[in-house]
Every structure is written in structure tokens, then in C-alpha cells.
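As provided, run-v3.txt (compact mmCIF, C-alpha atoms and all ligand atoms) reads as follows.
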# COMPACT_ATOMS: atom_id res chain seq x y z
CA MET X 158 132.82 56.27 94.23
CA ALA X 159 130.78 57.65 91.30
CA THR X 160 132.85 58.86 88.35
CA LYS X 161 132.11 62.19 86.77
CA THR X 162 132.16 62.51 82.99
CA VAL X 163 133.25 65.89 81.74
CA ILE X 164 131.44 66.75 78.52
CA ASN X 165 132.93 69.41 76.32
CA GLU X 166 130.59 71.67 74.38
CA PRO X 167 130.64 70.40 70.76
CA PRO X 168 131.13 72.81 67.85
CA ARG X 169 127.62 74.03 66.96
CA ASP X 170 126.07 73.20 63.57
CA ILE X 171 124.22 76.33 62.58
CA ILE X 172 121.04 76.31 60.53
CA THR X 173 120.91 79.41 58.38
CA PRO X 174 117.76 80.97 56.98
CA GLN X 175 117.88 80.53 53.22
CA VAL X 176 115.62 79.53 50.38
CA GLN X 177 116.05 75.81 49.84
CA ALA X 178 114.36 73.09 47.91
CA SER X 179 112.18 70.87 50.06
CA PRO X 180 114.01 67.87 51.48
CA ASP X 181 114.15 64.82 49.30
CA THR X 182 112.61 61.96 51.22
CA SER X 183 111.77 59.90 48.16
CA SER X 184 114.58 57.43 48.57
CA GLY X 185 113.82 56.81 52.27
CA PRO X 186 116.38 55.71 54.81
CA ASN X 187 119.10 53.30 53.95
CA LYS X 188 119.23 50.30 56.28
CA THR X 189 122.99 50.06 56.06
CA LEU X 190 124.01 53.71 55.72
CA SER X 191 121.73 55.36 58.32
CA PRO X 192 121.63 53.07 61.30
CA THR X 193 121.60 55.92 63.86
CA PRO X 194 118.12 56.15 65.35
CA CYS X 195 116.42 59.48 66.14
CA ILE X 196 114.27 60.03 69.19
CA LEU X 197 111.70 62.80 69.47
CA VAL X 198 111.28 63.59 73.16
CA VAL X 199 107.77 64.94 73.84
CA GLY X 200 105.64 65.29 76.94
CA MET X 201 103.60 67.66 79.04
CA ALA X 202 105.20 70.73 80.59
CA GLY X 203 107.36 69.83 83.58
CA ALA X 204 107.32 66.07 82.88
CA GLY X 205 111.11 66.13 82.86
CA LYS X 206 111.98 66.10 79.14
CA THR X 207 115.03 68.33 79.49
CA THR X 208 116.29 66.49 82.57
CA PHE X 209 115.76 63.20 80.74
CA VAL X 210 117.75 64.42 77.72
CA GLN X 211 120.45 65.66 80.08
CA ARG X 212 120.65 62.25 81.80
CA LEU X 213 120.62 60.32 78.53
CA THR X 214 123.30 62.57 77.02
CA ALA X 215 125.56 62.18 80.07
CA HIS X 216 125.03 58.41 80.06
CA LEU X 217 125.93 58.05 76.39
CA HIS X 218 129.00 60.27 76.76
CA SER X 219 130.15 58.13 79.68
CA LYS X 220 129.91 55.09 77.37
CA ALA X 221 131.95 56.91 74.70
CA ALA X 222 128.88 56.84 72.44
CA PRO X 223 128.00 60.53 72.21
CA PRO X 224 124.59 61.51 70.87
CA TYR X 225 123.80 64.28 68.40
CA VAL X 226 121.48 66.63 70.27
CA ILE X 227 119.03 69.11 68.74
CA ASN X 228 117.09 71.64 70.77
CA LEU X 229 113.73 72.62 69.26
CA ASP X 230 112.59 74.77 72.20
CA PRO X 231 113.10 78.41 71.20
CA ALA X 232 112.00 79.72 74.61
CA VAL X 233 114.34 77.74 76.85
CA LEU X 234 116.70 79.98 78.81
CA LYS X 235 119.50 77.58 79.65
CA LEU X 236 120.20 74.07 78.45
CA PRO X 237 121.85 71.68 80.90
CA TYR X 238 123.39 69.54 78.13
CA PRO X 239 125.65 70.18 75.13
CA VAL X 240 123.76 70.72 71.88
CA ASN X 241 124.82 70.29 68.28
CA ILE X 242 121.95 72.23 66.75
CA ASP X 243 120.00 74.84 68.66
CA ILE X 244 116.86 76.49 67.25
CA ARG X 245 117.85 79.63 69.21
CA ASP X 246 120.87 80.09 66.92
CA THR X 247 118.48 80.44 63.98
CA VAL X 248 115.36 82.12 65.32
CA ASN X 249 115.05 84.78 68.00
CA TYR X 250 111.76 83.90 69.63
CA LYS X 251 111.40 87.23 71.47
CA GLU X 252 111.93 89.10 68.18
CA VAL X 253 109.31 86.87 66.53
CA MET X 254 106.83 87.78 69.28
CA LYS X 255 107.56 91.47 68.79
CA GLN X 256 107.47 91.47 64.99
CA TYR X 257 104.31 89.39 64.65
CA GLY X 258 102.59 90.78 67.75
CA LEU X 259 102.26 87.35 69.33
CA GLY X 260 102.03 85.96 72.84
CA PRO X 261 104.50 83.37 74.20
CA ASN X 262 102.81 80.28 72.71
CA GLY X 263 102.20 81.92 69.33
CA GLY X 264 105.83 83.06 69.39
CA ILE X 265 107.10 79.52 70.05
CA MET X 266 104.88 78.10 67.32
CA THR X 267 105.92 80.72 64.75
CA ALA X 268 109.60 80.31 65.64
CA LEU X 269 109.21 76.57 65.12
CA ASN X 270 107.41 77.17 61.80
CA LEU X 271 110.27 79.37 60.61
CA PHE X 272 112.83 76.80 61.70
CA SER X 273 110.99 73.91 60.02
CA THR X 274 111.39 75.63 56.65
CA GLN X 275 115.12 74.96 56.98
CA PHE X 276 114.71 71.39 58.16
CA ASP X 277 116.51 69.99 55.14
CA GLN X 278 119.72 71.48 56.57
CA VAL X 279 119.12 69.63 59.84
CA LEU X 280 118.77 66.38 57.90
CA GLN X 281 121.97 67.07 56.01
CA TYR X 282 123.89 67.63 59.24
CA ILE X 283 122.45 64.49 60.80
CA GLU X 284 123.43 62.44 57.76
CA LYS X 285 126.90 63.98 57.75
CA ARG X 286 127.50 63.28 61.44
CA ALA X 287 125.63 59.97 61.69
CA ASN X 288 128.77 57.86 61.94
CA GLU X 289 130.14 59.86 64.87
CA HIS X 290 126.99 59.51 67.01
CA SER X 291 125.04 56.70 68.61
CA LEU X 292 121.70 58.46 68.80
CA VAL X 293 120.05 61.64 67.53
CA ILE X 294 118.00 63.33 70.25
CA PHE X 295 115.39 66.05 69.68
CA ASP X 296 114.23 68.00 72.75
CA THR X 297 110.88 69.69 72.03
CA PRO X 298 109.06 72.72 73.51
CA GLY X 299 107.46 72.43 76.93
CA GLN X 300 103.94 72.89 75.59
CA LEU X 301 103.18 69.50 74.09
CA GLU X 302 100.55 70.73 71.63
CA VAL X 303 102.89 73.35 70.15
CA PHE X 304 104.95 70.54 68.70
CA THR X 305 102.58 67.61 68.27
CA TRP X 306 99.60 69.47 66.79
CA SER X 307 101.32 72.18 64.78
CA ALA X 308 102.11 72.18 61.08
CA SER X 309 105.83 72.48 61.78
CA GLY X 310 105.73 69.58 64.25
CA THR X 311 104.01 67.46 61.61
CA ILE X 312 106.51 68.48 58.93
CA ILE X 313 109.46 67.68 61.20
CA THR X 314 108.02 64.35 62.39
CA ASP X 315 106.95 63.18 58.92
CA THR X 316 110.18 64.23 57.21
CA LEU X 317 112.27 62.64 59.90
CA GLY X 318 110.14 59.49 59.89
CA LEU X 319 110.63 59.08 56.16
CA THR X 320 114.37 59.72 56.28
CA LEU X 321 115.77 58.12 59.43
CA PRO X 322 114.74 55.44 61.93
CA THR X 323 112.60 57.61 64.22
CA ILE X 324 111.04 56.80 67.58
CA VAL X 325 108.65 58.98 69.58
CA VAL X 326 109.50 59.13 73.29
CA TYR X 327 106.65 60.33 75.49
CA VAL X 328 107.86 61.46 78.93
CA LEU X 329 105.27 61.03 81.68
CA ASP X 330 105.55 62.52 85.15
CA THR X 331 104.78 59.34 87.12
CA SER X 332 104.53 61.20 90.42
CA ARG X 333 101.76 63.37 89.00
CA SER X 334 99.88 60.44 87.46
CA VAL X 335 98.87 58.55 90.59
CA ASN X 336 95.35 59.85 90.15
CA PRO X 337 93.60 57.57 87.60
CA THR X 338 91.91 60.52 85.87
CA THR X 339 95.21 62.38 85.43
CA PHE X 340 96.86 59.16 84.29
CA MET X 341 94.12 58.64 81.74
CA SER X 342 94.35 62.15 80.30
CA ASN X 343 98.10 61.65 79.91
CA MET X 344 97.51 58.31 78.20
CA LEU X 345 94.93 59.85 75.84
CA ASN X 346 97.47 62.47 74.88
CA ALA X 347 100.11 59.81 74.29
CA CYS X 348 97.64 57.66 72.37
CA SER X 349 96.64 60.50 70.04
CA ILE X 350 100.31 61.14 69.27
CA LEU X 351 100.91 57.46 68.52
CA TYR X 352 97.98 57.29 66.12
CA LYS X 353 98.90 60.60 64.52
CA THR X 354 102.50 59.65 63.83
CA THR X 355 102.20 55.81 63.80
CA LEU X 356 105.93 55.76 64.58
CA PRO X 357 107.47 53.36 67.12
CA PHE X 358 106.60 54.69 70.56
CA ILE X 359 108.23 54.51 74.00
CA LEU X 360 106.46 55.66 77.13
CA VAL X 361 109.04 56.89 79.65
CA MET X 362 107.54 56.85 83.14
CA ASN X 363 109.84 59.45 84.62
CA LYS X 364 110.51 60.47 88.23
CA CYS X 365 110.50 56.88 89.44
CA ASP X 366 112.72 57.95 92.34
CA ILE X 367 109.65 59.68 93.78
CA ILE X 368 107.21 56.83 93.17
CA ASP X 369 107.68 53.42 91.58
CA ASN X 370 105.91 53.06 88.24
CA GLY X 371 104.55 49.61 89.18
CA PHE X 372 101.04 50.95 89.76
CA ALA X 373 100.88 52.44 86.25
CA VAL X 374 102.19 49.22 84.64
CA GLU X 375 99.51 47.29 86.53
CA TRP X 376 96.80 49.73 85.35
CA MET X 377 97.93 49.27 81.77
CA LYS X 378 98.03 45.48 82.04
CA ASP X 379 94.86 44.83 83.98
CA PHE X 380 91.73 46.85 83.37
CA THR X 381 90.01 45.56 86.54
CA VAL X 382 92.82 46.97 88.70
CA PHE X 383 92.44 50.32 86.97
CA ARG X 384 88.67 50.19 87.46
CA GLN X 385 89.17 49.49 91.15
CA ALA X 386 91.40 52.56 91.49
CA LEU X 387 88.84 54.56 89.60
CA SER X 388 85.96 53.43 91.83
CA GLN X 389 87.58 55.35 94.67
CA GLU X 390 87.30 58.49 92.58
CA THR X 391 84.28 60.59 93.32
CA SER X 392 84.72 62.77 90.28
CA PHE X 393 81.79 62.63 87.82
CA MET X 394 84.38 62.03 85.11
CA SER X 395 85.04 58.50 86.33
CA ASN X 396 82.37 56.93 84.07
CA LEU X 397 83.81 58.62 81.03
CA VAL X 398 87.36 57.65 82.03
CA GLN X 399 86.26 54.06 82.55
CA SER X 400 84.85 53.70 79.06
CA MET X 401 87.82 55.47 77.52
CA SER X 402 90.28 53.19 79.28
CA LEU X 403 88.78 50.22 77.44
CA ALA X 404 89.58 51.92 74.16
CA LEU X 405 93.19 52.29 75.22
CA GLU X 406 93.80 48.55 75.51
CA GLU X 407 95.07 48.33 71.95
CA PHE X 408 97.26 51.39 72.44
CA TYR X 409 98.93 49.77 75.44
CA SER X 410 99.69 46.66 73.41
CA ASN X 411 101.41 48.76 70.74
CA ILE X 412 103.90 50.60 72.91
CA SER X 413 106.96 49.92 75.07
CA SER X 414 106.99 51.44 78.53
CA VAL X 415 109.92 51.88 80.83
CA GLY X 416 110.35 53.34 84.31
CA VAL X 417 113.12 55.93 84.53
CA SER X 418 114.53 58.39 87.00
CA SER X 419 116.25 61.20 85.17
CA LEU X 420 117.54 62.33 88.52
CA THR X 421 119.35 59.11 89.49
CA GLY X 422 119.77 57.53 86.06
CA ALA X 423 117.81 54.40 86.98
CA GLY X 424 116.17 52.73 83.97
CA ILE X 425 118.34 54.38 81.31
CA ASN X 426 119.76 51.03 80.14
CA GLU X 427 116.23 49.62 79.84
CA PHE X 428 115.30 52.71 77.87
CA LEU X 429 118.18 52.13 75.45
CA ALA X 430 117.02 48.52 75.02
CA ALA X 431 113.56 49.86 74.14
CA VAL X 432 115.19 52.18 71.56
CA ASP X 433 116.85 49.15 69.96
CA LYS X 434 113.46 47.44 69.79
CA GLY X 435 111.88 50.58 68.32
CA ARG X 436 114.60 50.74 65.70
CA VAL X 437 113.61 47.26 64.50
CA GLU X 438 109.89 48.19 64.56
CA TYR X 439 110.68 51.25 62.49
CA TRP X 440 111.18 49.16 59.34
CA ASP X 441 107.62 47.84 59.73
CA TYR X 442 106.46 51.46 60.03
CA LEU X 443 108.26 52.31 56.82
CA ALA X 444 106.81 49.30 55.00
CA ARG X 445 103.33 50.37 56.21
CA ARG X 446 103.90 53.95 55.00
CA LYS X 447 105.11 52.66 51.65
CA LYS X 448 102.06 50.41 51.32
CA ILE X 449 99.73 53.28 52.18
CA SER X 450 101.36 55.66 49.70
CA GLU X 451 101.29 52.96 46.98
CA GLN X 452 97.61 52.36 47.74
CA ARG X 453 96.92 56.13 47.57
CA GLU X 454 98.81 56.36 44.29
CA ARG X 455 96.78 53.44 42.89
CA GLU X 456 93.53 55.06 44.00
CA MET X 457 94.58 58.39 42.46
CA LYS X 458 95.40 56.66 39.19
CA GLU X 459 92.06 54.83 39.18
CA LYS X 460 90.21 58.07 39.93
CA THR X 461 92.06 59.84 37.12
CA ILE X 462 91.25 57.04 34.67
CA ASP X 463 87.57 57.12 35.74
CA LYS X 464 87.48 60.90 35.29
CA LEU X 465 89.09 60.67 31.87
CA THR X 466 86.67 57.96 30.75
CA GLU X 467 83.76 60.05 31.98
CA LEU X 468 85.12 63.14 30.22
CA LYS X 469 85.58 61.17 27.02
CA LYS X 470 81.99 59.96 27.21
CA GLN X 471 80.72 63.46 27.88
CA SER X 472 82.82 65.06 25.17
CA GLY X 473 81.48 62.47 22.71
CA LYS X 474 77.95 63.59 23.58
CA GLY X 475 78.98 67.22 23.69
CA THR X 476 80.52 67.12 20.24
CA LYS X 477 77.28 66.03 18.68
CA LEU X 478 75.30 68.61 20.59
CA LYS X 479 77.78 71.30 19.76
CA LEU X 480 77.86 70.22 16.16
CA GLY X 481 74.10 70.60 16.09
CA LEU X 482 74.39 74.13 17.50
CA ASP X 483 77.22 75.01 15.16
CA LEU X 484 75.04 74.08 12.30
CA ALA X 485 72.45 76.39 13.76
CA VAL X 486 70.08 73.55 14.26
CA GLN X 487 67.56 74.88 16.69
CA PRO X 488 66.24 72.44 19.23
CA GLU X 489 63.05 70.95 18.05
CA TYR X 490 59.98 71.20 20.19
CA GLU X 491 57.32 68.61 20.14
CA TYR X 492 53.94 69.79 21.23
CA GLU X 493 51.96 67.23 23.07
CA ILE X 494 48.55 68.75 22.97
CA GLU X 495 45.70 66.84 24.28
CA ASP X 496 42.68 67.43 22.09
CA ASP X 497 40.22 67.23 24.91
CA ILE X 498 41.97 70.05 26.78
CA TYR X 499 42.51 72.51 23.97
CA GLY X 500 40.11 71.20 21.48
CA VAL X 501 40.92 70.88 17.84
CA GLY X 502 42.58 73.99 16.60
CA GLY X 503 42.48 75.32 20.15
CA GLU X 504 44.78 77.89 21.75
CA SER X 505 48.54 77.57 21.84
CA PRO X 506 49.78 75.51 24.70
CA ASP X 507 51.36 77.15 27.74
CA GLU X 508 55.12 76.86 28.10
CA GLY X 509 54.60 74.38 30.95
CA ASP X 510 52.84 72.05 28.61
CA LEU X 511 55.62 72.03 26.07
CA VAL X 512 57.93 69.09 26.02
CA HIS X 513 61.43 70.09 24.95
CA ASP X 514 63.47 67.53 23.15
CA GLU X 515 66.16 67.74 25.86
CA ASP X 516 63.56 66.43 28.31
CA LEU X 517 62.91 63.49 26.11
CA ASP X 518 64.94 60.42 25.63
CA LEU X 519 66.37 61.52 22.32
CA ASP X 520 68.17 59.27 20.01
CA GLU X 521 71.30 61.18 19.16
CA SER X 522 72.32 59.05 16.27
N1 LIG X 601 112.61 63.78 91.43
C1 LIG X 601 112.76 63.94 90.13
N2 LIG X 601 112.63 65.17 89.59
C2 LIG X 601 112.78 65.28 88.25
C3 LIG X 601 113.08 64.18 87.42
N3 LIG X 601 113.15 64.62 86.14
C4 LIG X 601 112.92 65.93 86.18
N4 LIG X 601 112.70 66.34 87.44
C5 LIG X 601 112.39 67.71 87.89
O1 LIG X 601 111.17 68.12 87.28
C6 LIG X 601 111.21 69.52 86.97
C7 LIG X 601 110.91 69.73 85.50
O2 LIG X 601 111.93 69.13 84.75
P1 LIG X 601 112.30 69.60 83.27
O3 LIG X 601 113.35 68.68 82.79
O4 LIG X 601 112.57 71.04 83.24
O5 LIG X 601 110.92 69.30 82.57
P2 LIG X 601 110.51 69.65 81.06
O6 LIG X 601 109.48 68.66 80.67
O7 LIG X 601 111.69 69.78 80.21
O8 LIG X 601 109.90 71.05 81.31
P3 LIG X 601 109.41 72.12 80.20
O9 LIG X 601 110.39 72.11 79.09
O10 LIG X 601 109.36 73.39 80.95
O11 LIG X 601 108.08 71.60 79.82
C8 LIG X 601 112.59 69.99 87.37
O12 LIG X 601 112.51 70.57 88.64
C9 LIG X 601 113.42 68.71 87.44
O13 LIG X 601 114.48 68.78 88.36
C10 LIG X 601 113.22 62.90 88.02
O14 LIG X 601 113.45 61.87 87.39
N5 LIG X 601 113.05 62.86 89.37
Output the file's structure in the form of C-alpha cells.
Amino acid sequence: MATKTVINEPPRDIITPQVQASPDTSSGPNKTLSPTPCILVVGMAGAGKTTFVQRLTAHLHSKAAPPYVINLDPAVLKLPYPVNIDIRDTVNYKEVMKQYGLGPNGGIMTALNLFSTQFDQVLQYIEKRANEHSLVIFDTPGQLEVFTWSASGTIITDTLGLTLPTIVVYVLDTSRSVNPTTFMSNMLNACSILYKTTLPFILVMNKCDIIDNGFAVEWMKDFTVFRQALSQETSFMSNLVQSMSLALEEFYSNISSVGVSSLTGAGINEFLAAVDKGRVEYWDYLARRKKISEQREREMKEKTIDKLTELKKQSGKGTKLKLGLDLAVQPEYEYEIEDDIYGVGGESPDEGDLVHDEDLDLDES
């Protein structure tokens, strides 16, 4: 008989609006002190993000390894899992819509922007509670682009990525991806998020109780199988999709994918194994980020030195010129008058025929 785990609502950590210094990410995560990984659960509306978080939370509680859960969706009405930090405790999304005269999506985005200004408090709470939790889970708004392509989403992802071992979890509705074109548009979305964040990435093929994810795994592994499926498509998009799928080969080789049913709980253990793998990959991500920022710093320094050298050269020239002007030395004009045009003692030359000394290769010495 299945056992039921009763989960008590944890005391809520409240993020308060206040003026704070920006979070200090300079030291980066500590391999020994911050071992708790963070997952950012993203995906298209209705893919099953919330149900997935609910399943994962229940599973971890049943293993006496409770997660620390953060809800970033200001518009959600009811959450089916216990949360430790809830954006709705900090920002009233309906009030934001009213005050700023925004529609639902603008309201969600602005609420998230306001919340992200207090993100240092979230980090502090995570650090404080890290030892009591096995995993930090972020549930994000239903509209994928509101989080992944907004300034606040970028701030949250980057700050988190520089502070704690962070993994992006993209939830895919497998049952709605049996059409190769739909599958491809989902993969392009996932791919753009991977290349934007460059964080370790897990593709969760959800709703596997409805349809097995084997077909999608096959499509990702073997391009000819995908092409075959596509050939049955009559849509004029199929040519475009075919060429794009070739470009995704590298993306597929860079991610872990796992079939899950958030409804039955199938695949959750495999998912946790993928999180462990992602946690190891994270240190490569951090080394890459460090290398990139060192390279940028080096380039900046070189550019500054070049600029200074140039300025020094120019100011050397300028000093002499200025000195000349200070001494009220008027620029000398040399008249190049061709005798055969004007004749000896002819008329004054036109301005166009004058050669100013600044046009000439003057010796400044
Ligand atoms: N059969 C089946 N249904 C699922 C599964 N996961 C989620 N669902 C259903 O899919 C619907 C959407 O699930 P949600 O968890 O609300 O999806 P979401 O991505 O959080 O939705 P938004 O936040 O509104 O974008 C609900 O009716 C769920 O019951 C699953 O693994 N199997």
C-alpha cells in the first residue's frame, strides 16, 4: 500500500522591500560550504512545472531530505506545495497592474523586477538554510519569456549562477510534442536558454504517463529518424525545421534529458541523478565564467593602455600646437602660385589655391 507523507507548511522567510547594496558575488560559491544545488524550473505554460515541483518536493520530504522552495510566480492563485519564500508575500501583482496601468504579463514582469531588487535577501536566506535542505527549487512564472528574457530573470539567473551550484531545468510537455514541428520549437526555446545562461541543463520530458518519451529521445539521437517523422508533415515549415534540427545536434550533446511523470512520480530518481551530474558540471561552468571575465578584464586593461598611449601621443602633439597658439604664432601660409597661371606679379590666388601648413607634412620640431 502506498504511504502518504504529510508535509507541514514551513515557517515562511519573508523578503522585505528595502534599499540594499547589490549582492556580493565576487567570492563565488564555496565548494565545501555551499554544496546544496539550486534548480531553476522553467518551461512553457502548462508544461507541468508546478506539478513537477510538487512531485519533487513530496519525494524529497518522503526521503527526509526536504528542499527549500521559492515561488517566483506572482500570479499563481494556489500553490500545491509548501514554500519557504513566496514572491506574493513581497509584491502584490494585482496592485502593480493597477498602479502602473499594466496588463497581466506586464504586471508579472514588473512584479518580478521589483522582487529581483531584493534578491540579495533571498541569497542570504538560502545560505542560512543550506544545511537543512537537500535542494533549492525555484518555480518560475507560466509565461516562459517573462522569466528567461527579462532583465529580472537575467539578474536572478546570473546572480544565482555565480553564488550557488545552479542548474536550469526545462520542463517539456511530452504529450504535446509528438508533432516534430512543435517538438522543434520547444527545443529551440530550450536551446536559446542554454546558450543564454550556459548553466548545466536538464530537459525534463514530463507527462510520460500519457506517452513514453522514447520517440523524443530517438529524434534527439538520430537525425534521420527525426527527418523521417518530419517527411510526413505537410506543413511548409518542414524544410526550415529540418535545417534547424541539424543546428541542434550540439545542443543535444550538451544536455541531460530524463523522462518523468509528475503525476505518478516515475523518473524522479533519474532526475535526481541528473541533478548530481549537473552539480559536478557546474564547476566547469564557473571555471568558464571566471576565464571569460579574466579575458574581458585583460582586454579592458589592454584597451585602456592603448587609449592612454594614444592620448599621450596626441597630447604631446597638442602641447606643441597649443604652445604655438599661446605664443600667438599665426599659422603660416605658403602660397604655391604657378607663374604660368597667374603670371608674374599676377592676381592674388583664390583661397582654394592656398596650401595651409596644416595640410602639409610639417616638421614640428
Ligand atoms: N497526465 C499528466 N498530467 C500532468 C503532469 N504534470 C502536469 N500535468 C497536468 O498538466 C496541467 C498543467 O500543469 P501545471 O503544473 O499547472 O503546469 P505549469 O507549467 O505549472 O503551468 P503554468 O504555471 O500555468 O504555466 C495540469 O492539469 C496538471 O495536472 C503529468 O506528469 N502527467
Quick one: 8 Å padding each side, axis-aligned, all listed atoms of ligand LIG 601 (chain X) - centre and edge lengths in Å to one decimal, as JSON?
{"center_x": 111.3, "center_y": 67.6, "center_z": 85.3, "size_x": 22.4, "size_y": 27.5, "size_z": 28.3}
Could you make a table, as a tab-separated table, of the residues of chain X that have an atom within 7 Å of an atom of ligand LIG 601 (chain X), each with its nearest atom pair and distance in Å to one decimal, counting all atoms listed in the file, in chain and number order?
residue	atom	partner	partner_atom	distance
X:Gly200	CA	X:LIG601	O6	6.3
X:Met201	CA	X:LIG601	O11	6.0
X:Ala202	CA	X:LIG601	O11	3.1
X:Gly203	CA	X:LIG601	O8	3.6
X:Ala204	CA	X:LIG601	O6	4.0
X:Gly205	CA	X:LIG601	O5	3.2
X:Lys206	CA	X:LIG601	O7	3.8
X:Thr207	CA	X:LIG601	O7	3.7
X:Thr208	CA	X:LIG601	O3	3.7
X:Phe209	CA	X:LIG601	N3	6.2
X:Pro298	CA	X:LIG601	O9	5.8
X:Gly299	CA	X:LIG601	O11	3.1
X:Gln300	CA	X:LIG601	O11	6.1
X:Asn363	CA	X:LIG601	O14	5.2
X:Lys364	CA	X:LIG601	O14	3.4
X:Cys365	CA	X:LIG601	O14	6.1
X:Asp366	CA	X:LIG601	N5	5.7
X:Ile367	CA	X:LIG601	N1	5.6
X:Val417	CA	X:LIG601	O14	6.6
X:Ser418	CA	X:LIG601	O14	3.7
X:Ser419	CA	X:LIG601	O14	3.6
X:Leu420	CA	X:LIG601	O14	4.3
X:Thr421	CA	X:LIG601	O14	6.8
query: If you measure from CA of Ile412 (chain X) to CA of Gln389 (chain X), what distance in Å do you get, rounded to one decimal?
result: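 Distance reported for this atom pair: 27.6 Å.
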message: Could you list, as JSON, numbers by chain, every residue within 7 Å of region 260-277 of chain X, counting all atoms listed in the file and ignoring same-chain residues fewer than 3 positions away?
response: {"X": [174, 179, 180, 231, 232, 244, 248, 250, 253, 254, 280, 281, 303, 309, 313]}
field: Minimum-distance residue to Ser342 (chain X), chosen among X:Thr305, X:Gln399, X:Thr316, X:Thr297 (using all atoms listed in the file)
entry: X:Gln399
message: For Ala347 (chain X), find every residue with an atom within 12 Å (counting all atoms listed in the file), except residues of its own chain fewer than 3 positions away, and show them as JSON, numbers by chain.
response: {"X": [198, 199, 200, 201, 301, 302, 305, 325, 326, 327, 328, 329, 340, 341, 342, 343, 344, 350, 351, 352, 353, 354, 355, 358, 359, 360, 361, 362, 405, 408, 409, 411, 412, 414]}
Write the residues of the preceding selection, restricted to C-alpha atoms, as an mmCIF file, in the coordinates of the input.
data_model
loop_
_atom_site.group_PDB
_atom_site.id
_atom_site.type_symbol
_atom_site.label_atom_id
_atom_site.label_comp_id
_atom_site.auth_asym_id
_atom_site.auth_seq_id
_atom_site.Cartn_x
_atom_site.Cartn_y
_atom_site.Cartn_z
ATOM 1 C CA VAL X 198 111.280 63.590 73.160
ATOM 2 C CA VAL X 199 107.770 64.940 73.840
ATOM 3 C CA GLY X 200 105.640 65.290 76.940
ATOM 4 C CA MET X 201 103.600 67.660 79.040
ATOM 5 C CA LEU X 301 103.180 69.500 74.090
ATOM 6 C CA GLU X 302 100.550 70.730 71.630
ATOM 7 C CA THR X 305 102.580 67.610 68.270
ATOM 8 C CA VAL X 325 108.650 58.980 69.580
ATOM 9 C CA VAL X 326 109.500 59.130 73.290
ATOM 10 C CA TYR X 327 106.650 60.330 75.490
ATOM 11 C CA VAL X 328 107.860 61.460 78.930
ATOM 12 C CA LEU X 329 105.270 61.030 81.680
ATOM 13 C CA PHE X 340 96.860 59.160 84.290
ATOM 14 C CA MET X 341 94.120 58.640 81.740
ATOM 15 C CA SER X 342 94.350 62.150 80.300
ATOM 16 C CA ASN X 343 98.100 61.650 79.910
ATOM 17 C CA MET X 344 97.510 58.310 78.200
ATOM 18 C CA ILE X 350 100.310 61.140 69.270
ATOM 19 C CA LEU X 351 100.910 57.460 68.520
ATOM 20 C CA TYR X 352 97.980 57.290 66.120
ATOM 21 C CA LYS X 353 98.900 60.600 64.520
ATOM 22 C CA THR X 354 102.500 59.650 63.830
ATOM 23 C CA THR X 355 102.200 55.810 63.800
ATOM 24 C CA PHE X 358 106.600 54.690 70.560
ATOM 25 C CA ILE X 359 108.230 54.510 74.000
ATOM 26 C CA LEU X 360 106.460 55.660 77.130
ATOM 27 C CA VAL X 361 109.040 56.890 79.650
ATOM 28 C CA MET X 362 107.540 56.850 83.140
ATOM 29 C CA LEU X 405 93.190 52.290 75.220
ATOM 30 C CA PHE X 408 97.260 51.390 72.440
ATOM 31 C CA TYR X 409 98.930 49.770 75.440
ATOM 32 C CA ASN X 411 101.410 48.760 70.740
ATOM 33 C CA ILE X 412 103.900 50.600 72.910
ATOM 34 C CA SER X 414 106.990 51.440 78.530
#
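Our summary of the geometry notes that CA of Ser291 (chain X) is positioned 26.2 Å from CA of Asp330 (chain X).
Rounded to one decimal, CA of Glu406 (chain X) and CA of Arg446 (chain X) lie 23.5 Å from each other.
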message: Measuring between only C-alpha atoms, which one of X:Trp306, X:Phe372, X:Phe428, X:Phe380 shows the shortest distance to Arg212 (chain X)?
response: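 Smallest distance to Arg212 (chain X) is found for X:Phe428.
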task: May I ask which of the residues X:Tyr238, X:Phe295, X:Tyr257, X:Phe304 is the closest one to Leu317 (chain X), counting only C-alpha atoms?
output: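 The shortest atom-to-atom distance to Leu317 (chain X) comes from X:Phe295.
For the choices X:Val226, X:Leu356, X:Val210, X:Ile294, the atom-to-atom distance to Glu438 (chain X) is smallest for X:Leu356 when using all atoms listed in the file.
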- prompt: Which one of X:Pro337, X:Pro223, X:Pro168, X:Gly371 sits closest to Val415 (chain X) if you count only C-alpha atoms?
  reply: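 Under the stated criterion, the closest residue is X:Gly371.
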